[in-house]
Amino acid sequence: MAEHKIVNSFVGLQFIYNYRVGEYLDKYLDGLQSKKILGITCPECERVLVPPRSMCGKCNAKTKKWVTLKPVGTLKNFTISHVEIEQGEIKDREKPVIIGQIKLEGADSLLTAKIEGVSPKEVKTGLKVKAVFKDTTEGTLQDLDHFEPVK
Amino acid sequence: MRNVAIISVGYNGRFVAKRPDVNIPELIQPAVANAIKKTKLKYSDIGVVVEGNMPTFEGINYPHLWFSDHIGAAGKPVLRISTGGTTGMSVFQGGYYCVASGMFDVAMVIGWEKHDEGDAQVGLIGIVLPEAFSMFQFGPDMGGGGTGMMGGLSSTGGASFQALSYLHRAKGTPDHIDKMAAQARSNAAKNPYAHLQHPNCTAADIAKTPMVSYPLRYGHTCPASCGACVMLLVAEEKVKKFADTDRVAWVKAVATASSDATTGNLVDGQINDPAEQAICEKIAAPKAYKMAGIQNPKKEIQMCEVYDGFAHQELMWPEKLHLVDNSCKAIDEGRLAIDGDMPVNPSGGVVSTNAIGASAMVRVAEASLQIMGMAEGGHQVPRRVKNALAHGWGGLFQFVTITILGDEPVKR
């Protein structure tokens with residue numbers, strides 16, 4: 001029987017996408033660079049969104065008033081990550097990492113970040129946490145390094 | 001089936017090459033706001049949102065996951081339609097089906113593209129793969145060597161075959177394509193939303209631009225634009241309630257026809273001649289005219305907006321749509337100009353502005369503005385437009401969409 005032929009197509013192009021974060025996240029990242037967490041308020045329902053976005057979907061209103069939030073909040077939800085993906089391959093982490101969702105004081109949305117300073121065995125929702133920034137900030141999401149328990 | 005009217009058109013602003021100041025949701029949102037502003041509608045009146053753009057161009061296949069809250073769609077059905085170049089009109093027709101069927105009284109349709117996020121030619125390769133597999137039966141290899149996917153790994157390469165075949169059929173010359181491109185860019189200068197505006201552009205200006213793939217020059221090809229187009233479609237019985245104007249555009253007919261990458265000619269004649277376009281001429285166009293109740297398109301239709309990614313298509317499509325017998329002759333006689341007897345693309349067309357996922361919808365939007373008498377900046381056709389035709393093509397020239405609009409509803 002004849003061999004079933006296949007097509008191998010290699011297109012030697014680099015896929016480079018430059019996603020603009022938009023003016024609201026631009027300002028949020030500027031805030032992180034100066035070690036501040038910025039949110040924005042919906043003029044109708046007065047909910048505070050962190051990170052900020054241009055529209056409140058509930059009210060279909062343009063968000064308006066910028067607020068600087070206190071870098072403290074409550075852990076509302078979390079997972080413990082045991083694996084990571086490197087170049088498409090799954091491998092075990094050296095040690096598990098806690099990824100939490102934090103409700104900052106005065107915010108109406110949850111912010112997702114790494115949680116350190118508490119062991120996976122002891123972590124639980126309701127934990128009071130504070131933001132820890134990198135020593136040297138660059139205006140990227142990584143500037144907000146992690147949250148840790150308030151002592 | 002119910003009659004459906006377009007009661008409002010919104011653009012985000014002028015179409016441009018780059019919008020580094022906004023992200024994708026922020027690009028689209030102002031177009032939504034502008035469309036709603038011109039009506040008595042509230043966000044809560046919108047029953048369904050249909051949206052689309054080119055998949056892979058921005059590398060995002062489900063962008064509505066990102067922007068539903070930005071377009072007034074929170075908690076509502078969002079349908080995504082993506083059919084290549086015809087996307088914008090497929091989205092429009094999807095919204096039309098939603099309202100005509102009686103399922104929804106109000107549909108919002110959104111076509112958009114943000115070309116500066118990615119690489120359109122890289123995106124096209126992903127889209128062209130199904131075509132390339134289909135093309136195996138015609139010979140070209142896919143690797144970029146040899147025939148190199150029909151001349152230079154680009155849509156211009158593919159279109160050049162169509163252009164030369166068209167000129168041969170119409171007994172035209174490349175000068176006619178120059179003339180057509182010059183008219184398009186001059187018209188664009190009268191449209192405040194158009195991207196490439198060149199006031200009083202001449203055929204000689206176009207002839208000076210570099211050759212890309214004979215007979216197509218740089219000046220015959222479309223730009224890559226960023227922008228969004230939004231329209232609000234309303235059922236006949238709700239038009240008075242929601243429209244802020246007496247002049248709305250009624251959808252008289254929709255038609256679509258498809259083929260595989262045999263470039264539109266599987267139904268008739270010589271397979272693989274991309275200038276034959278039998279699926280437009282012999283299937284989609286007659287179907288649309290029948291649904292609209294139009295017997296003599298040349299007389300009953302006052303203007304058209306055709307999808308001209310390349311300037312020769314602005315000559316070819318009006319012929320395939322039975323609006324002009326010979327476009328090369330017609331442009332020599334000035335009949336395709338804004339004040340001619342069959343104005344083609346008063347907006348400047350796709351060759352002047354191409355935010356791909358929006359482009360086929362912009363054809364409908366521009367046709368509706370012509371009927372409403374609301375085309376801004378000097379591109380309004382001077383005589384009263386009672387019926388207008390909008391057209392889109394996509395794929396490797398083998399998808400065609402047609403929408404016919406009128407200033408009054410059809411009695412069904």
# chains A, B, ... in the order shown; residues from 1 in each chain; ligands from 1
>>> interface_residues(of="chain A", to="chain B", cutoff="6 Å", atoms="only C-alpha atoms", output="list in words")
Tyr17, Asn18, Tyr19, Arg20, Val21, Gly22, Glu23, Met55, Gly57 and Asn60 of chain A
>>> residues_around(residues="Glu305 in chain B", least_positions_apart="6", cutoff="9 Å", atoms="only C-alpha atoms", output="number ranges by chain")
B: 314, 343-347, 349, 362-364, 366-367, 388-392
>>> select_by_dssp(residues="chain A", states="strand (DSSP E or B)", output="mmCIF file with N, CA and C atoms, in the first residue's frame")
data_model
loop_
_atom_site.group_PDB
_atom_site.id
_atom_site.type_symbol
_atom_site.label_atom_id
_atom_site.label_comp_id
_atom_site.auth_asym_id
_atom_site.auth_seq_id
_atom_site.Cartn_x
_atom_site.Cartn_y
_atom_site.Cartn_z
ATOM 1 N N ILE A 37 -0.950 51.216 44.747
ATOM 2 C CA ILE A 37 -1.967 50.431 44.026
ATOM 3 C C ILE A 37 -3.152 51.359 43.747
ATOM 4 N N LEU A 38 -3.401 51.587 42.451
ATOM 5 C CA LEU A 38 -4.463 52.508 42.053
ATOM 6 C C LEU A 38 -5.717 51.749 41.623
ATOM 7 N N GLY A 39 -6.844 52.312 41.983
ATOM 8 C CA GLY A 39 -8.122 51.774 41.520
ATOM 9 C C GLY A 39 -8.939 52.901 40.920
ATOM 10 N N ILE A 40 -10.099 52.540 40.357
ATOM 11 C CA ILE A 40 -10.955 53.569 39.773
ATOM 12 C C ILE A 40 -12.412 53.277 40.157
ATOM 13 N N THR A 41 -13.203 54.351 40.250
ATOM 14 C CA THR A 41 -14.564 54.230 40.783
ATOM 15 C C THR A 41 -15.601 54.372 39.676
ATOM 16 N N VAL A 48 -15.337 50.165 43.440
ATOM 17 C CA VAL A 48 -13.947 50.502 43.119
ATOM 18 C C VAL A 48 -13.300 49.284 42.453
ATOM 19 N N LEU A 49 -12.777 49.486 41.246
ATOM 20 C CA LEU A 49 -12.204 48.390 40.463
ATOM 21 C C LEU A 49 -10.686 48.448 40.488
ATOM 22 N N MET A 55 -14.530 50.937 31.748
ATOM 23 C CA MET A 55 -15.988 50.830 31.811
ATOM 24 C C MET A 55 -16.422 49.967 32.985
ATOM 25 N N CYS A 56 -17.558 50.338 33.578
ATOM 26 C CA CYS A 56 -18.222 49.453 34.537
ATOM 27 C C CYS A 56 -19.280 48.684 33.758
ATOM 28 N N ALA A 61 -21.220 52.421 32.446
ATOM 29 C CA ALA A 61 -20.785 53.798 32.682
ATOM 30 C C ALA A 61 -19.269 53.865 32.600
ATOM 31 N N LYS A 62 -18.776 55.017 32.143
ATOM 32 C CA LYS A 62 -17.326 55.260 32.119
ATOM 33 C C LYS A 62 -16.871 55.444 33.551
ATOM 34 N N TRP A 66 -10.188 58.307 40.324
ATOM 35 C CA TRP A 66 -9.052 57.449 40.678
ATOM 36 C C TRP A 66 -8.866 57.471 42.198
ATOM 37 N N VAL A 67 -8.533 56.307 42.761
ATOM 38 C CA VAL A 67 -8.245 56.244 44.198
ATOM 39 C C VAL A 67 -6.950 55.457 44.410
ATOM 40 N N THR A 68 -6.212 55.858 45.449
ATOM 41 C CA THR A 68 -5.040 55.078 45.856
ATOM 42 C C THR A 68 -5.483 54.199 47.015
ATOM 43 N N LEU A 69 -5.307 52.887 46.837
ATOM 44 C CA LEU A 69 -5.791 51.972 47.872
ATOM 45 C C LEU A 69 -4.700 51.683 48.886
ATOM 46 N N VAL A 72 -3.261 46.907 51.912
ATOM 47 C CA VAL A 72 -3.622 45.798 52.805
ATOM 48 C C VAL A 72 -5.013 45.283 52.447
ATOM 49 N N GLY A 73 -5.219 44.005 52.715
ATOM 50 C CA GLY A 73 -6.519 43.423 52.392
ATOM 51 C C GLY A 73 -6.669 42.045 52.998
ATOM 52 N N THR A 74 -7.695 41.334 52.498
ATOM 53 C CA THR A 74 -8.037 40.022 53.045
ATOM 54 C C THR A 74 -7.948 38.981 51.938
ATOM 55 N N LEU A 75 -7.354 37.850 52.274
ATOM 56 C CA LEU A 75 -7.280 36.746 51.310
ATOM 57 C C LEU A 75 -8.666 36.115 51.197
ATOM 58 N N LYS A 76 -9.234 36.150 50.003
ATOM 59 C CA LYS A 76 -10.598 35.643 49.811
ATOM 60 C C LYS A 76 -10.620 34.266 49.157
ATOM 61 N N ASN A 77 -9.550 33.935 48.451
ATOM 62 C CA ASN A 77 -9.546 32.692 47.678
ATOM 63 C C ASN A 77 -8.099 32.369 47.344
ATOM 64 N N PHE A 78 -7.778 31.105 47.166
ATOM 65 C CA PHE A 78 -6.394 30.784 46.808
ATOM 66 C C PHE A 78 -6.305 29.405 46.160
ATOM 67 N N THR A 79 -5.178 29.161 45.531
ATOM 68 C CA THR A 79 -4.837 27.806 45.086
ATOM 69 C C THR A 79 -3.371 27.582 45.424
ATOM 70 N N ILE A 80 -2.986 26.321 45.485
ATOM 71 C CA ILE A 80 -1.573 26.013 45.734
ATOM 72 C C ILE A 80 -1.053 25.313 44.491
ATOM 73 N N SER A 81 -0.127 25.998 43.840
ATOM 74 C CA SER A 81 0.343 25.521 42.546
ATOM 75 C C SER A 81 1.568 24.623 42.734
ATOM 76 N N HIS A 82 1.484 23.406 42.217
ATOM 77 C CA HIS A 82 2.580 22.442 42.379
ATOM 78 C C HIS A 82 3.408 22.278 41.118
ATOM 79 N N VAL A 83 2.881 22.733 40.011
ATOM 80 C CA VAL A 83 3.611 22.543 38.753
ATOM 81 C C VAL A 83 3.756 23.874 38.028
ATOM 82 N N GLU A 84 4.709 23.933 37.127
ATOM 83 C CA GLU A 84 4.822 25.118 36.267
ATOM 84 C C GLU A 84 5.074 24.652 34.841
ATOM 85 N N ILE A 85 4.860 25.587 33.933
ATOM 86 C CA ILE A 85 5.047 25.238 32.524
ATOM 87 C C ILE A 85 6.284 25.966 32.026
ATOM 88 N N GLU A 86 7.206 25.192 31.470
ATOM 89 C CA GLU A 86 8.392 25.823 30.905
ATOM 90 C C GLU A 86 8.508 25.365 29.469
ATOM 91 N N GLU A 89 6.362 22.519 28.432
ATOM 92 C CA GLU A 89 6.467 21.280 29.204
ATOM 93 C C GLU A 89 6.062 21.550 30.646
ATOM 94 N N ILE A 90 5.297 20.627 31.221
ATOM 95 C CA ILE A 90 4.925 20.764 32.632
ATOM 96 C C ILE A 90 6.022 20.131 33.487
ATOM 97 N N LYS A 91 6.444 20.873 34.519
ATOM 98 C CA LYS A 91 7.409 20.268 35.450
ATOM 99 C C LYS A 91 7.037 20.639 36.878
ATOM 100 N N ASP A 92 7.513 19.834 37.824
ATOM 101 C CA ASP A 92 7.233 20.108 39.240
ATOM 102 C C ASP A 92 7.973 21.356 39.684
ATOM 103 N N ARG A 93 7.303 22.146 40.515
ATOM 104 C CA ARG A 93 8.001 23.288 41.123
ATOM 105 C C ARG A 93 8.940 22.779 42.217
ATOM 106 N N GLU A 94 9.975 23.574 42.510
ATOM 107 C CA GLU A 94 10.865 23.192 43.612
ATOM 108 C C GLU A 94 10.083 23.107 44.907
ATOM 109 N N LYS A 95 9.243 24.129 45.133
ATOM 110 C CA LYS A 95 8.296 24.026 46.249
ATOM 111 C C LYS A 95 6.988 24.687 45.831
ATOM 112 N N PRO A 96 5.870 24.234 46.416
ATOM 113 C CA PRO A 96 4.577 24.760 45.994
ATOM 114 C C PRO A 96 4.468 26.271 46.194
ATOM 115 N N VAL A 97 3.698 26.918 45.345
ATOM 116 C CA VAL A 97 3.513 28.371 45.408
ATOM 117 C C VAL A 97 2.025 28.664 45.649
ATOM 118 N N ILE A 98 1.760 29.587 46.587
ATOM 119 C CA ILE A 98 0.367 29.956 46.864
ATOM 120 C C ILE A 98 0.004 31.145 45.977
ATOM 121 N N ILE A 99 -1.079 31.021 45.243
ATOM 122 C CA ILE A 99 -1.568 32.133 44.433
ATOM 123 C C ILE A 99 -2.936 32.516 44.989
ATOM 124 N N GLY A 100 -3.037 33.746 45.430
ATOM 125 C CA GLY A 100 -4.235 34.155 46.154
ATOM 126 C C GLY A 100 -5.031 35.217 45.436
ATOM 127 N N GLN A 101 -6.283 35.381 45.864
ATOM 128 C CA GLN A 101 -7.098 36.500 45.390
ATOM 129 C C GLN A 101 -7.425 37.352 46.603
ATOM 130 N N ILE A 102 -7.020 38.601 46.514
ATOM 131 C CA ILE A 102 -7.043 39.482 47.681
ATOM 132 C C ILE A 102 -8.051 40.595 47.485
ATOM 133 N N LYS A 103 -8.862 40.840 48.497
ATOM 134 C CA LYS A 103 -9.763 41.997 48.460
ATOM 135 C C LYS A 103 -9.095 43.099 49.263
ATOM 136 N N LEU A 104 -8.593 44.092 48.534
ATOM 137 C CA LEU A 104 -7.942 45.217 49.214
ATOM 138 C C LEU A 104 -8.997 46.024 49.962
ATOM 139 N N LEU A 110 -11.301 41.577 43.212
ATOM 140 C CA LEU A 110 -10.214 40.786 43.795
ATOM 141 C C LEU A 110 -8.975 40.928 42.927
ATOM 142 N N LEU A 111 -7.852 41.043 43.598
ATOM 143 C CA LEU A 111 -6.569 41.171 42.907
ATOM 144 C C LEU A 111 -5.819 39.853 43.088
ATOM 145 N N THR A 112 -5.285 39.314 42.000
ATOM 146 C CA THR A 112 -4.592 38.021 42.065
ATOM 147 C C THR A 112 -3.089 38.240 42.201
ATOM 148 N N ALA A 113 -2.466 37.559 43.174
ATOM 149 C CA ALA A 113 -1.024 37.716 43.393
ATOM 150 C C ALA A 113 -0.479 36.526 44.176
ATOM 151 N N LYS A 114 0.841 36.423 44.172
ATOM 152 C CA LYS A 114 1.507 35.375 44.965
ATOM 153 C C LYS A 114 1.392 35.712 46.449
ATOM 154 N N ILE A 115 1.284 34.666 47.275
ATOM 155 C CA ILE A 115 1.247 34.851 48.724
ATOM 156 C C ILE A 115 2.489 34.188 49.298
ATOM 157 N N LYS A 128 -5.346 38.226 56.871
ATOM 158 C CA LYS A 128 -5.041 39.634 56.561
ATOM 159 C C LYS A 128 -3.650 39.687 55.912
ATOM 160 N N VAL A 129 -3.564 40.348 54.753
ATOM 161 C CA VAL A 129 -2.282 40.386 54.034
ATOM 162 C C VAL A 129 -1.927 41.815 53.623
ATOM 163 N N LYS A 130 -0.627 42.011 53.361
ATOM 164 C CA LYS A 130 -0.169 43.315 52.867
ATOM 165 C C LYS A 130 0.707 43.132 51.635
ATOM 166 N N ALA A 131 0.741 44.150 50.805
ATOM 167 C CA ALA A 131 1.501 44.083 49.555
ATOM 168 C C ALA A 131 2.980 44.305 49.820
ATOM 169 N N VAL A 132 3.808 43.530 49.099
ATOM 170 C CA VAL A 132 5.259 43.730 49.160
ATOM 171 C C VAL A 132 5.747 44.017 47.740
ATOM 172 N N PHE A 133 6.360 45.184 47.578
ATOM 173 C CA PHE A 133 6.863 45.575 46.259
ATOM 174 C C PHE A 133 8.323 45.161 46.119
ATOM 175 N N LEU A 144 4.719 44.576 41.812
ATOM 176 C CA LEU A 144 3.985 44.111 42.993
ATOM 177 C C LEU A 144 4.353 42.646 43.159
ATOM 178 N N ASP A 145 5.375 42.374 43.967
ATOM 179 C CA ASP A 145 5.995 41.048 43.987
ATOM 180 C C ASP A 145 5.077 39.995 44.595
ATOM 181 N N HIS A 146 4.545 40.284 45.769
ATOM 182 C CA HIS A 146 3.674 39.309 46.443
ATOM 183 C C HIS A 146 2.935 39.975 47.592
ATOM 184 N N PHE A 147 2.060 39.221 48.229
ATOM 185 C CA PHE A 147 1.433 39.655 49.484
ATOM 186 C C PHE A 147 1.916 38.728 50.587
ATOM 187 N N GLU A 148 1.967 39.257 51.817
ATOM 188 C CA GLU A 148 2.349 38.393 52.948
ATOM 189 C C GLU A 148 1.492 38.745 54.162
ATOM 190 N N PRO A 149 1.392 37.836 55.124
ATOM 191 C CA PRO A 149 0.514 38.090 56.268
ATOM 192 C C PRO A 149 0.917 39.347 57.030
#
>>> residues_around(residues="Arg185 in chain B", least_positions_apart="6", cutoff="12 Å", atoms="only C-alpha atoms", output="number ranges by chain")
B: 178-179, 191, 194-203, 205-206, 219-223, 311, 337, 345-353, 379
>>> select_by_dssp(residues="range 126-364 of chain B", states="helix (DSSP H, G or I)", output="PDB file with C-alpha atoms, in the first residue's frame")
ATOM      1  CA  GLY B 126      -2.677  31.166   9.639  1.00  0.00           C
ATOM      2  CA  ILE B 127      -5.876  31.977   7.806  1.00  0.00           C
ATOM      3  CA  VAL B 128      -4.528  31.036   4.406  1.00  0.00           C
ATOM      4  CA  LEU B 129      -3.548  27.524   5.521  1.00  0.00           C
ATOM      5  CA  PRO B 130      -6.979  26.013   4.858  1.00  0.00           C
ATOM      6  CA  GLU B 131      -6.833  27.709   1.475  1.00  0.00           C
ATOM      7  CA  ALA B 132      -3.329  26.436   0.914  1.00  0.00           C
ATOM      8  CA  PHE B 133      -4.404  22.858   1.595  1.00  0.00           C
ATOM      9  CA  SER B 134      -7.232  23.327  -0.849  1.00  0.00           C
ATOM     10  CA  MET B 135      -4.810  24.889  -3.315  1.00  0.00           C
ATOM     11  CA  PHE B 136      -2.766  21.671  -3.443  1.00  0.00           C
ATOM     12  CA  GLN B 137      -4.970  20.532  -6.251  1.00  0.00           C
ATOM     13  CA  PHE B 138      -3.838  23.529  -8.310  1.00  0.00           C
ATOM     14  CA  SER B 155      -2.603  38.659  -0.627  1.00  0.00           C
ATOM     15  CA  THR B 156      -1.321  41.123  -3.219  1.00  0.00           C
ATOM     16  CA  GLY B 157       0.409  38.197  -4.951  1.00  0.00           C
ATOM     17  CA  GLY B 158      -2.871  36.306  -5.128  1.00  0.00           C
ATOM     18  CA  ALA B 159      -4.817  39.365  -6.217  1.00  0.00           C
ATOM     19  CA  SER B 160      -2.417  40.102  -9.064  1.00  0.00           C
ATOM     20  CA  PHE B 161      -3.722  37.038 -10.978  1.00  0.00           C
ATOM     21  CA  GLN B 162      -7.237  38.349 -10.540  1.00  0.00           C
ATOM     22  CA  ALA B 163      -6.233  41.849 -11.646  1.00  0.00           C
ATOM     23  CA  LEU B 164      -4.605  40.733 -14.895  1.00  0.00           C
ATOM     24  CA  SER B 165      -7.430  38.358 -15.759  1.00  0.00           C
ATOM     25  CA  TYR B 166      -9.929  41.129 -15.065  1.00  0.00           C
ATOM     26  CA  LEU B 167      -8.098  43.616 -17.320  1.00  0.00           C
ATOM     27  CA  HIS B 168      -8.026  41.016 -20.083  1.00  0.00           C
ATOM     28  CA  ARG B 169     -11.761  40.368 -19.752  1.00  0.00           C
ATOM     29  CA  ALA B 170     -12.677  44.070 -19.576  1.00  0.00           C
ATOM     30  CA  PRO B 174      -3.202  49.059 -15.797  1.00  0.00           C
ATOM     31  CA  ASP B 175      -3.943  52.784 -16.316  1.00  0.00           C
ATOM     32  CA  HIS B 176      -7.559  52.036 -15.438  1.00  0.00           C
ATOM     33  CA  ILE B 177      -6.470  50.622 -12.078  1.00  0.00           C
ATOM     34  CA  ASP B 178      -4.399  53.783 -11.494  1.00  0.00           C
ATOM     35  CA  LYS B 179      -7.455  55.889 -12.289  1.00  0.00           C
ATOM     36  CA  MET B 180      -9.666  53.870  -9.970  1.00  0.00           C
ATOM     37  CA  ALA B 181      -7.176  54.084  -7.093  1.00  0.00           C
ATOM     38  CA  ALA B 182      -6.859  57.840  -7.626  1.00  0.00           C
ATOM     39  CA  GLN B 183     -10.634  58.248  -7.426  1.00  0.00           C
ATOM     40  CA  ALA B 184     -10.745  56.160  -4.238  1.00  0.00           C
ATOM     41  CA  ARG B 185      -8.026  58.147  -2.476  1.00  0.00           C
ATOM     42  CA  SER B 186      -9.613  61.457  -3.584  1.00  0.00           C
ATOM     43  CA  ASN B 187     -13.001  60.302  -2.275  1.00  0.00           C
ATOM     44  CA  ALA B 188     -11.335  59.265   0.993  1.00  0.00           C
ATOM     45  CA  ALA B 203      -3.674  58.491 -11.892  1.00  0.00           C
ATOM     46  CA  ALA B 204      -0.151  59.835 -12.441  1.00  0.00           C
ATOM     47  CA  ASP B 205       0.380  60.019  -8.653  1.00  0.00           C
ATOM     48  CA  ILE B 206      -0.592  56.355  -8.351  1.00  0.00           C
ATOM     49  CA  ALA B 207       1.520  55.302 -11.363  1.00  0.00           C
ATOM     50  CA  TYR B 218       1.726  49.890  -3.914  1.00  0.00           C
ATOM     51  CA  GLY B 219      -0.826  52.604  -4.690  1.00  0.00           C
ATOM     52  CA  HIS B 220      -3.395  49.950  -5.642  1.00  0.00           C
ATOM     53  CA  GLU B 236     -39.899  47.547  12.131  1.00  0.00           C
ATOM     54  CA  GLU B 237     -42.444  47.937  14.941  1.00  0.00           C
ATOM     55  CA  LYS B 238     -39.824  49.408  17.294  1.00  0.00           C
ATOM     56  CA  VAL B 239     -38.207  51.841  14.852  1.00  0.00           C
ATOM     57  CA  LYS B 240     -40.339  54.832  15.890  1.00  0.00           C
ATOM     58  CA  LYS B 241     -39.645  54.138  19.548  1.00  0.00           C
ATOM     59  CA  PHE B 242     -35.879  53.904  19.255  1.00  0.00           C
ATOM     60  CA  ALA B 278     -19.541  33.332 -10.851  1.00  0.00           C
ATOM     61  CA  ILE B 279     -20.637  32.893  -7.233  1.00  0.00           C
ATOM     62  CA  CYS B 280     -21.160  36.636  -7.037  1.00  0.00           C
ATOM     63  CA  GLU B 281     -22.504  37.233 -10.533  1.00  0.00           C
ATOM     64  CA  LYS B 282     -24.654  34.127 -10.947  1.00  0.00           C
ATOM     65  CA  ILE B 283     -25.612  33.147  -7.393  1.00  0.00           C
ATOM     66  CA  ALA B 284     -25.396  35.842  -4.718  1.00  0.00           C
ATOM     67  CA  ALA B 285     -26.319  38.921  -6.766  1.00  0.00           C
ATOM     68  CA  PRO B 286     -29.447  37.442  -8.441  1.00  0.00           C
ATOM     69  CA  LYS B 287     -30.546  36.082  -5.047  1.00  0.00           C
ATOM     70  CA  ALA B 288     -30.159  39.511  -3.419  1.00  0.00           C
ATOM     71  CA  TYR B 289     -32.030  41.339  -6.206  1.00  0.00           C
ATOM     72  CA  LYS B 290     -34.861  38.824  -6.035  1.00  0.00           C
ATOM     73  CA  MET B 291     -35.217  39.234  -2.255  1.00  0.00           C
ATOM     74  CA  ALA B 292     -35.130  43.035  -2.589  1.00  0.00           C
ATOM     75  CA  PRO B 297     -30.290  47.100 -10.672  1.00  0.00           C
ATOM     76  CA  LYS B 298     -28.630  49.679 -12.959  1.00  0.00           C
ATOM     77  CA  LYS B 299     -31.696  51.913 -12.709  1.00  0.00           C
ATOM     78  CA  GLU B 300     -33.041  51.125  -9.266  1.00  0.00           C
ATOM     79  CA  ALA B 311      -8.097  48.928  -6.709  1.00  0.00           C
ATOM     80  CA  HIS B 312      -8.855  46.647  -9.689  1.00  0.00           C
ATOM     81  CA  GLN B 313     -11.635  45.098  -7.577  1.00  0.00           C
ATOM     82  CA  GLU B 314     -13.425  48.414  -7.442  1.00  0.00           C
ATOM     83  CA  LEU B 315     -13.700  48.048 -11.229  1.00  0.00           C
ATOM     84  CA  MET B 316     -14.494  44.336 -11.239  1.00  0.00           C
ATOM     85  CA  TRP B 317     -17.178  44.043  -8.553  1.00  0.00           C
ATOM     86  CA  PRO B 318     -19.699  46.559  -9.970  1.00  0.00           C
ATOM     87  CA  GLU B 319     -19.681  44.453 -13.167  1.00  0.00           C
ATOM     88  CA  LYS B 320     -20.191  41.197 -11.255  1.00  0.00           C
ATOM     89  CA  SER B 327     -16.120  49.650 -15.431  1.00  0.00           C
ATOM     90  CA  CYS B 328     -13.000  50.598 -17.403  1.00  0.00           C
ATOM     91  CA  LYS B 329     -15.235  52.447 -19.855  1.00  0.00           C
ATOM     92  CA  ALA B 330     -17.366  53.805 -17.014  1.00  0.00           C
ATOM     93  CA  ILE B 331     -14.443  55.323 -15.129  1.00  0.00           C
ATOM     94  CA  ASP B 332     -13.121  56.904 -18.338  1.00  0.00           C
ATOM     95  CA  ILE B 356     -10.370  44.166   8.066  1.00  0.00           C
ATOM     96  CA  GLY B 357     -12.964  42.885  10.550  1.00  0.00           C
ATOM     97  CA  ALA B 358     -14.759  46.223  10.166  1.00  0.00           C
ATOM     98  CA  SER B 359     -14.326  46.660   6.398  1.00  0.00           C
ATOM     99  CA  ALA B 360     -17.252  44.634   5.057  1.00  0.00           C
ATOM    100  CA  MET B 361     -19.482  46.171   7.754  1.00  0.00           C
ATOM    101  CA  VAL B 362     -18.295  49.669   6.859  1.00  0.00           C
ATOM    102  CA  ARG B 363     -19.631  49.001   3.349  1.00  0.00           C
ATOM    103  CA  VAL B 364     -23.117  48.507   4.851  1.00  0.00           C
TER     104      VAL B 364
END
>>> atom_distance(atom1="CA of Ala375 in chain B", atom2="CA of Arg80 in chain B")
28.2 Å
>>> closest_residue(among="B:Gly378, B:Pro274, B:Gly406, B:Pro210", to="Met303 in chain B", atoms="only C-alpha atoms")
B:Gly406
>>> atom_distance(atom1="CA of Arg383 in chain B", atom2="CA of Leu405 in chain B")
16.0 Å
